[in-house]
Amino acid sequence: MMRLSVSRPEKLYSTPITDIRNTVGNVPMEWYQDYPHIGYNLDGKKIFKPIRNKDELDEFLDKMENPDYWRTVHDKTTASDIRLTDEQVDLVHRLQKGQFGDVNFNEYEPSVDFFTNEVMIHPVTNRPQDKRSFIPSLIEKEKVSKLVHAIKMGWIKPRKPKETTPQYYDLWAKEDPNAILGRHKMHVPAPKMRLPGHEESYNPPPEYLLTEEERLVWEQQDAEDRKLPFLPQKHSCLRAVPAFSRFIHERFERCLDLYLCPRQRKMRVNVNPEDLIPKLPKPKDLQPFPTTMSLVYRGHTSLVRSISASPTGQWLVSGSDDFTVRFWEVNTGRCMKTLEVGGAVKSVAWNPNPAVCLVAVERTVLLLNPSLGDRLVVSSTDQLITAYEPPEEDKEQAVTWALSEGLEHNMGHRLTLTHPKAVKQVVWHGKGDYLSSVMPDNSSNLQVLIHQVSKRRTQNPFRKNKGLVQCVSFHPLRPYFFVATQRYVRVYNLIKQELTKKLMTNCKWISSMAIHPGGDNLICGSYDCRLAWFDLDLSTKPYKMLRHHKKALRGVAYHRNYPLFASGADDGSVIVCHGMVYNDLLQNPLIVPVKVLKGHQITHDLGVLDVTFHPTQPWVFSSGADTTIRLFT
Amino acid sequence: MSQLQTRFFTDNKKYSVDDVPFSIPAASEVQELSNVINKLLEAKNGSHSQIEFDFLVRGQFLRTSLSNHMEAEGISTEDVVEIEYVERFTAPQPEECMMHDDWISSVEADSEWILTGSYDKTARIWSLEGKAVMTVAGHTDVVKDVAWVRRDGLTSLLLTASLDQTILLWEWNSERNKLKARHCCRGHAGSVDTIATDPTRTKVTGEEEEVEEPPSRPRKKQKTEQLGLTRTPLMTLSGHNEAVSSVLWLDSEEICSASWDHTIRLWDAETGSVKTTLTGSKVFNHISYSPLCRRLASGSTDRHVRLWDPRSKDGSLVLLSLTSHSGWVTAVKWAPSHEHQLVSGSLDNLVKLWDTRSCKTPLYDVSAHEDKVLCVDWTDSRLMLSGGADNKLYTYRYTACETDAGA
């Protein structure tokens, strides 16, 4: 560009000398590379290229030696070098500076306005106003009507007024407040500072000021033990209050409080406490069971140790520490018979079969005939006892059997078994011929004896002493024998004469035991307030431990027909539980406590001593240390 | 205070008032209503003396205020309330107290004499004035039940049942005061707890507590008048699984028995077969039948006196429960001349007089006894009797309202 602009004046000025203007026009000069000429001059003659072309070396030498090299330009159209004049160089400089090419041109001439900016009294033109400036425009009207129609049709909405209030949005609106990564999930509020009270006042009421002794005590105390971290002081006016000396210290402690505050939160497990209680049927659905006290059998003068109901349920026998055995009519509470036996009665048991009753007294076991009920049964029982013929050879027996005669016979005594030691418990076998007696003694093997009434024979089934025997029981159906020592219940097979099972009760001291009439379940009461239910098919450990009683259990019992069991304890209460045993072996027994029966008074720290069920009705008898027997129905 | 439109009516012509509606304060109770009636009667008849009335709204006795009662019974207060009024049954007055040597197990009275059985193995005959006339001794064990059989002029036949498994039939001449044992009835295998004579006074039924081998069947005996010292049962009614506690004749063809096996059974006396079985939920202690209202009342080993319809076929429907006792109900007895009234004795030492039209509260509580009440009875001659474990037999006199007898 610059080269072109330079070339033109060069042509202008060089024309008068030698006008070798090329007429080919603005075509690429490469087209003439292979020709000797380079174009045509004004006369139409060929312009020939210079003979010798300068090479690089010539160019360099020229650059070094020619002082006008800087003002020499190469003209491509004529392939000749042209040396620029001073005027031409000056012009180039002026153009490069953006100035006019003409030196004489003044670009700052003073301007003359055609229209003045002042308002003149005469118009510039005197042309009258157009008519159309006075009449409304039809085009405008058409446009307006179109807009109005569009607004009416709702095509154009009126512009909404702009809201002037500043617009914010909730950054955490979508955030789940319970999310673990929630922003404030772990927020622990800073511990609040105690608000100042009267003792912080500059002029506290006099009761807040410490006395001299209190001040001494305060000074001797450790800083941690002080109730107040400062001494309340009285100043006459606010001006007299000095600077707070502990200010830095207090701020420091506050900072410690804030940043040392435990930032970890204990995650509590939210469990509804009611979900932890096992689902049990309501007691209302488990009726019948005894609920109220109906009868009180009064007559004994000392604590009633043991009771037993007759197999028909018409009579009840009780043995007491006042040396008597009493027979009661169940449905009226009438004492039908009282027998003096000459010793404290520890245990009574009614024979399950005929009208024989068995009483354990101190060192003897008595067989009594209460002479209640059917005369035929009574006389046949007597015949059974008297029909005994002694065997030929007399064997040495552990106890002596003696037939009662005379007055004692009239009173009802039939047989007397004199034991070598004090008898604690007697129990009948289900068939009514065998009976067992317990003489607890830690030092000998003569603790349990099994007697056969019809043959008047006594056996000692155990050769070894396995511990203090508490109670024994016969299996209701099979030839098994249960022996409860202090901590274990052993089950023996009487036919094979071997130990079948040993049940661990987890109790400290067993007090009583009862076998389910089905024979597969067993309950144990213990002096450490527990009742253990064993499923003999399941395990040798308790299926369930019940700790409902507050004090030591004294007696437990199963009902013969109803799914009920009861336990009596020293806290004077009898607790009746529903204990359903299913025939299905896969289903565990259902145990639901249904009723706490209260009525017995606690005498000498003893409450209920024995419980037994009525054989046919859902009634429970309990005997207590308050000398009464009570019937709950 | 709101007012109720009421209309009073009565069956007793003597006390009838005009059949016009009255406006009565809704909160008024029996006493106020009674005063209203008395005022009305005074206005009608100048010589009228004050009489206590009881009021029945739709067959139920009014015991609270009128508005409370109607709310409880669900009666609309918009309509005119029909109120029936009857002369109030006056409280039974204690009359005599007859001391026994031992508990009284049973009592039966007729229009002239009272017969009691006692735990001292005797039965006694008393005059209505409370004078001991005769001691019937012969049993070797506790006398559990007694019954009059019939009376021909001065000669009476009476029965005693005992724990020694026998029933003795005695002939007693009241003029010479001579007693003769006529028959001894054997056959029970347990104690005989209850006996009943049929309405024609020719047959007797005894009942026992059963103490036999497991498939035990209690038996009933019937006996006709025959000579001979020992009698055996005419018929044995077997079916109860447990002891039979009470037995009675509904009429000369039907026997009803209540048992410890929670059932009441109706037997055909001719064939000895079970006709109906009513099943309860508790052991029955005693039953009583009223030919006037044809209902059975039963006392059982809970606090309720229950009423049954012996002729209902489905068998187990309890018509009504009368609940106020706090112990076992040991004895019940319908009034002989009133179809709504019965008396019950209980182990809570109380004798209660009931009206079936007020089942929530009894008419009267008689708290004379100091121990368990074991038996109650009721005679035509306006005497109520109760005996119990405090060895006392109480008699109470009451004034029967003739107007109610047929109502």
# chains A, B, ... in the order shown; residues from 1 in each chain; ligands from 1
call {"tool": "closest_atom_pairs", "arguments": {"of": "region 422-507 of chain A", "to": "region 306-309 of chain A", "cutoff": "12 Å", "atoms": "only C-alpha atoms", "output": "CSV"}}
result
residue,atom,partner,partner_atom,distance
A:Lys424,CA,A:Ser306,CA,10.6
A:Gln425,CA,A:Ser306,CA,9.5
A:Val426,CA,A:Ser306,CA,10.5
A:Val427,CA,A:Ser308,CA,10.6
A:Trp428,CA,A:Ser308,CA,11.4
call {"tool": "closest_atom_pairs", "arguments": {"of": "chain B", "to": "chain A", "cutoff": "7 Å", "atoms": "only C-alpha atoms", "output": "Markdown table"}}
result
| residue | atom | partner | partner_atom | distance |
| --- | --- | --- | --- | --- |
| B:Ala189 | CA | A:Asp374 | CA | 5.3 |
| B:Gly190 | CA | A:Asp374 | CA | 4.8 |
| B:Ser191 | CA | A:Gly373 | CA | 6.4 |
| B:Val211 | CA | A:Thr312 | CA | 5.8 |
| B:Gly327 | CA | A:Ser294 | CA | 6.1 |
| B:Trp328 | CA | A:Ser294 | CA | 6.7 |
call {"tool": "select_by_dssp", "arguments": {"residues": "region 19-110 of chain B", "states": "strand (DSSP E)", "output": "number ranges by chain"}}
result
B: 22-25, 53-57, 60-61, 81-87, 93-99, 104-109
call {"tool": "write_last_selection", "arguments": {"atoms": "C-alpha atoms", "output": "PDB file, in the first residue's frame"}}
result
ATOM      1  CA  PHE B  22     -98.959 -33.555  85.211  1.00  0.00           C
ATOM      2  CA  SER B  23     -95.893 -31.418  84.865  1.00  0.00           C
ATOM      3  CA  ILE B  24     -93.218 -32.661  87.270  1.00  0.00           C
ATOM      4  CA  PRO B  25     -89.700 -31.302  87.861  1.00  0.00           C
ATOM      5  CA  PHE B  53     -95.277 -45.207  97.109  1.00  0.00           C
ATOM      6  CA  ASP B  54     -92.749 -46.688  94.713  1.00  0.00           C
ATOM      7  CA  PHE B  55     -92.708 -45.771  91.062  1.00  0.00           C
ATOM      8  CA  LEU B  56     -92.191 -47.830  87.948  1.00  0.00           C
ATOM      9  CA  VAL B  57     -91.138 -46.315  84.629  1.00  0.00           C
ATOM     10  CA  GLN B  60     -88.234 -50.534  86.111  1.00  0.00           C
ATOM     11  CA  PHE B  61     -88.214 -49.137  89.615  1.00  0.00           C
ATOM     12  CA  VAL B  81     -94.067 -40.350  80.654  1.00  0.00           C
ATOM     13  CA  GLU B  82     -96.289 -43.119  81.932  1.00  0.00           C
ATOM     14  CA  ILE B  83     -95.479 -43.774  85.577  1.00  0.00           C
ATOM     15  CA  GLU B  84     -97.011 -46.634  87.454  1.00  0.00           C
ATOM     16  CA  TYR B  85     -97.061 -46.359  91.204  1.00  0.00           C
ATOM     17  CA  VAL B  86     -97.477 -49.055  93.776  1.00  0.00           C
ATOM     18  CA  GLU B  87     -97.565 -49.052  97.493  1.00  0.00           C
ATOM     19  CA  GLN B  93     -89.198 -56.339 110.564  1.00  0.00           C
ATOM     20  CA  PRO B  94     -86.970 -58.713 112.552  1.00  0.00           C
ATOM     21  CA  GLU B  95     -89.151 -60.756 114.793  1.00  0.00           C
ATOM     22  CA  GLU B  96     -87.571 -63.772 116.399  1.00  0.00           C
ATOM     23  CA  CYS B  97     -84.038 -65.040 116.802  1.00  0.00           C
ATOM     24  CA  MET B  98     -83.810 -68.762 117.431  1.00  0.00           C
ATOM     25  CA  MET B  99     -80.504 -69.953 118.803  1.00  0.00           C
ATOM     26  CA  ILE B 104     -77.905 -73.976 110.486  1.00  0.00           C
ATOM     27  CA  SER B 105     -77.643 -75.742 107.152  1.00  0.00           C
ATOM     28  CA  SER B 106     -81.226 -75.573 105.968  1.00  0.00           C
ATOM     29  CA  VAL B 107     -84.624 -74.216 106.834  1.00  0.00           C
ATOM     30  CA  GLU B 108     -88.097 -74.906 105.591  1.00  0.00           C
ATOM     31  CA  ALA B 109     -91.214 -73.387 107.000  1.00  0.00           C
TER      32      ALA B 109
END
call {"tool": "closest_residue", "arguments": {"among": "B:His340, B:Arg265, B:His325, B:Lys372", "to": "Arg295 (chain B)", "atoms": "only C-alpha atoms"}}
result
B:His340
call {"tool": "atom_distance", "arguments": {"atom1": "CA of Leu163 (chain B)", "atom2": "CA of Val142 (chain B)"}}
result
5.4 Å
call {"tool": "atom_distance", "arguments": {"atom1": "CA of Lys178 (chain B)", "atom2": "CA of Ser381 (chain B)"}}
result
25.2 Å
call {"tool": "select_by_dssp", "arguments": {"residues": "region 266-466 of chain A", "states": "alpha helix (DSSP H)", "output": "PyMOL selection string"}}
result
chain A and resi 273-276+375-386+407-411
call {"tool": "write_last_selection", "arguments": {"atoms": "N, CA, C and O atoms", "output": "PDB file, in the first residue's frame"}}
result
ATOM      1  N   PRO A 273     -40.583 -47.937  74.315  1.00  0.00           N
ATOM      2  CA  PRO A 273     -40.469 -48.944  75.383  1.00  0.00           C
ATOM      3  C   PRO A 273     -41.549 -50.003  75.306  1.00  0.00           C
ATOM      4  O   PRO A 273     -41.361 -51.129  75.725  1.00  0.00           O
ATOM      5  N   GLU A 274     -42.719 -49.648  74.736  1.00  0.00           N
ATOM      6  CA  GLU A 274     -43.792 -50.643  74.683  1.00  0.00           C
ATOM      7  C   GLU A 274     -43.492 -51.752  73.685  1.00  0.00           C
ATOM      8  O   GLU A 274     -44.047 -52.841  73.768  1.00  0.00           O
ATOM      9  N   ASP A 275     -42.587 -51.452  72.722  1.00  0.00           N
ATOM     10  CA  ASP A 275     -42.249 -52.495  71.756  1.00  0.00           C
ATOM     11  C   ASP A 275     -41.399 -53.587  72.386  1.00  0.00           C
ATOM     12  O   ASP A 275     -41.316 -54.685  71.861  1.00  0.00           O
ATOM     13  N   LEU A 276     -40.736 -53.246  73.480  1.00  0.00           N
ATOM     14  CA  LEU A 276     -39.869 -54.226  74.108  1.00  0.00           C
ATOM     15  C   LEU A 276     -40.656 -55.235  74.934  1.00  0.00           C
ATOM     16  O   LEU A 276     -40.157 -56.296  75.264  1.00  0.00           O
ATOM     17  N   ARG A 375     -69.323 -94.114 102.737  1.00  0.00           N
ATOM     18  CA  ARG A 375     -69.073 -95.126 103.777  1.00  0.00           C
ATOM     19  C   ARG A 375     -68.366 -96.343 103.211  1.00  0.00           C
ATOM     20  O   ARG A 375     -67.498 -96.925 103.834  1.00  0.00           O
ATOM     21  N   LEU A 376     -68.787 -96.721 101.992  1.00  0.00           N
ATOM     22  CA  LEU A 376     -68.216 -97.920 101.386  1.00  0.00           C
ATOM     23  C   LEU A 376     -66.722 -97.753 101.180  1.00  0.00           C
ATOM     24  O   LEU A 376     -65.930 -98.637 101.489  1.00  0.00           O
ATOM     25  N   VAL A 377     -66.337 -96.583 100.678  1.00  0.00           N
ATOM     26  CA  VAL A 377     -64.921 -96.332 100.427  1.00  0.00           C
ATOM     27  C   VAL A 377     -64.158 -96.311 101.737  1.00  0.00           C
ATOM     28  O   VAL A 377     -63.056 -96.864 101.848  1.00  0.00           O
ATOM     29  N   VAL A 378     -64.789 -95.717 102.736  1.00  0.00           N
ATOM     30  CA  VAL A 378     -64.120 -95.630 104.036  1.00  0.00           C
ATOM     31  C   VAL A 378     -63.850 -97.020 104.587  1.00  0.00           C
ATOM     32  O   VAL A 378     -62.734 -97.348 105.007  1.00  0.00           O
ATOM     33  N   SER A 379     -64.883 -97.868 104.512  1.00  0.00           N
ATOM     34  CA  SER A 379     -64.698 -99.202 105.095  1.00  0.00           C
ATOM     35  C   SER A 379     -63.745-100.041 104.253  1.00  0.00           C
ATOM     36  O   SER A 379     -62.942-100.812 104.783  1.00  0.00           O
ATOM     37  N   SER A 380     -63.794 -99.858 102.921  1.00  0.00           N
ATOM     38  CA  SER A 380     -62.886-100.642 102.088  1.00  0.00           C
ATOM     39  C   SER A 380     -61.448-100.194 102.308  1.00  0.00           C
ATOM     40  O   SER A 380     -60.517-101.004 102.242  1.00  0.00           O
ATOM     41  N   THR A 381     -61.253 -98.920 102.583  1.00  0.00           N
ATOM     42  CA  THR A 381     -59.919 -98.449 102.890  1.00  0.00           C
ATOM     43  C   THR A 381     -59.411 -99.108 104.166  1.00  0.00           C
ATOM     44  O   THR A 381     -58.258 -99.568 104.238  1.00  0.00           O
ATOM     45  N   ASP A 382     -60.294 -99.172 105.165  1.00  0.00           N
ATOM     46  CA  ASP A 382     -59.891 -99.810 106.420  1.00  0.00           C
ATOM     47  C   ASP A 382     -59.564-101.281 106.194  1.00  0.00           C
ATOM     48  O   ASP A 382     -58.580-101.801 106.724  1.00  0.00           O
ATOM     49  N   GLN A 383     -60.376-101.908 105.347  1.00  0.00           N
ATOM     50  CA  GLN A 383     -60.117-103.319 105.057  1.00  0.00           C
ATOM     51  C   GLN A 383     -58.771-103.497 104.388  1.00  0.00           C
ATOM     52  O   GLN A 383     -58.012-104.403 104.705  1.00  0.00           O
ATOM     53  N   LEU A 384     -58.471-102.580 103.470  1.00  0.00           N
ATOM     54  CA  LEU A 384     -57.204-102.658 102.737  1.00  0.00           C
ATOM     55  C   LEU A 384     -56.033-102.625 103.705  1.00  0.00           C
ATOM     56  O   LEU A 384     -55.057-103.356 103.556  1.00  0.00           O
ATOM     57  N   ILE A 385     -56.179-101.790 104.723  1.00  0.00           N
ATOM     58  CA  ILE A 385     -55.070-101.638 105.662  1.00  0.00           C
ATOM     59  C   ILE A 385     -54.975-102.842 106.595  1.00  0.00           C
ATOM     60  O   ILE A 385     -53.901-103.364 106.855  1.00  0.00           O
ATOM     61  N   THR A 386     -56.147-103.312 107.022  1.00  0.00           N
ATOM     62  CA  THR A 386     -56.094-104.427 107.968  1.00  0.00           C
ATOM     63  C   THR A 386     -55.826-105.750 107.277  1.00  0.00           C
ATOM     64  O   THR A 386     -55.424-106.721 107.914  1.00  0.00           O
ATOM     65  N   LEU A 407     -58.284 -96.015 121.020  1.00  0.00           N
ATOM     66  CA  LEU A 407     -58.745 -94.636 120.931  1.00  0.00           C
ATOM     67  C   LEU A 407     -58.230 -93.962 119.670  1.00  0.00           C
ATOM     68  O   LEU A 407     -58.954 -93.260 118.966  1.00  0.00           O
ATOM     69  N   GLU A 408     -56.953 -94.227 119.398  1.00  0.00           N
ATOM     70  CA  GLU A 408     -56.368 -93.608 118.218  1.00  0.00           C
ATOM     71  C   GLU A 408     -57.072 -94.078 116.956  1.00  0.00           C
ATOM     72  O   GLU A 408     -57.301 -93.314 116.029  1.00  0.00           O
ATOM     73  N   HIS A 409     -57.444 -95.351 116.919  1.00  0.00           N
ATOM     74  CA  HIS A 409     -58.146 -95.886 115.768  1.00  0.00           C
ATOM     75  C   HIS A 409     -59.482 -95.200 115.597  1.00  0.00           C
ATOM     76  O   HIS A 409     -59.897 -94.848 114.482  1.00  0.00           O
ATOM     77  N   ASN A 410     -60.172 -94.971 116.686  1.00  0.00           N
ATOM     78  CA  ASN A 410     -61.457 -94.290 116.608  1.00  0.00           C
ATOM     79  C   ASN A 410     -61.301 -92.855 116.114  1.00  0.00           C
ATOM     80  O   ASN A 410     -62.177 -92.305 115.458  1.00  0.00           O
ATOM     81  N   MET A 411     -60.176 -92.254 116.463  1.00  0.00           N
ATOM     82  CA  MET A 411     -59.952 -90.889 116.012  1.00  0.00           C
ATOM     83  C   MET A 411     -59.651 -90.834 114.516  1.00  0.00           C
ATOM     84  O   MET A 411     -59.760 -89.789 113.891  1.00  0.00           O
TER      85      MET A 411
END
call {"tool": "residues_around", "arguments": {"residues": "Asp365 (chain B)", "least_positions_apart": "2", "cutoff": "7 Å", "atoms": "only C-alpha atoms", "output": "JSON, numbers by chain"}}
result
{"B": [350, 351, 352, 353, 362, 367]}
call {"tool": "residues_around", "arguments": {"residues": "region 245-260 of chain A", "least_positions_apart": "6", "cutoff": "10 Å", "atoms": "only C-alpha atoms", "output": "PyMOL selection string"}}
result
chain A and resi 189-193+229-230
call {"tool": "atom_distance", "arguments": {"atom1": "CA of Val366 (chain B)", "atom2": "CA of Val329 (chain B)"}}
result
14.3 Å
call {"tool": "closest_residue", "arguments": {"among": "B:Glu254, B:Glu270, B:Asp110, B:Asp198", "to": "Asp380 (chain B)", "atoms": "only C-alpha atoms"}}
result
B:Asp110
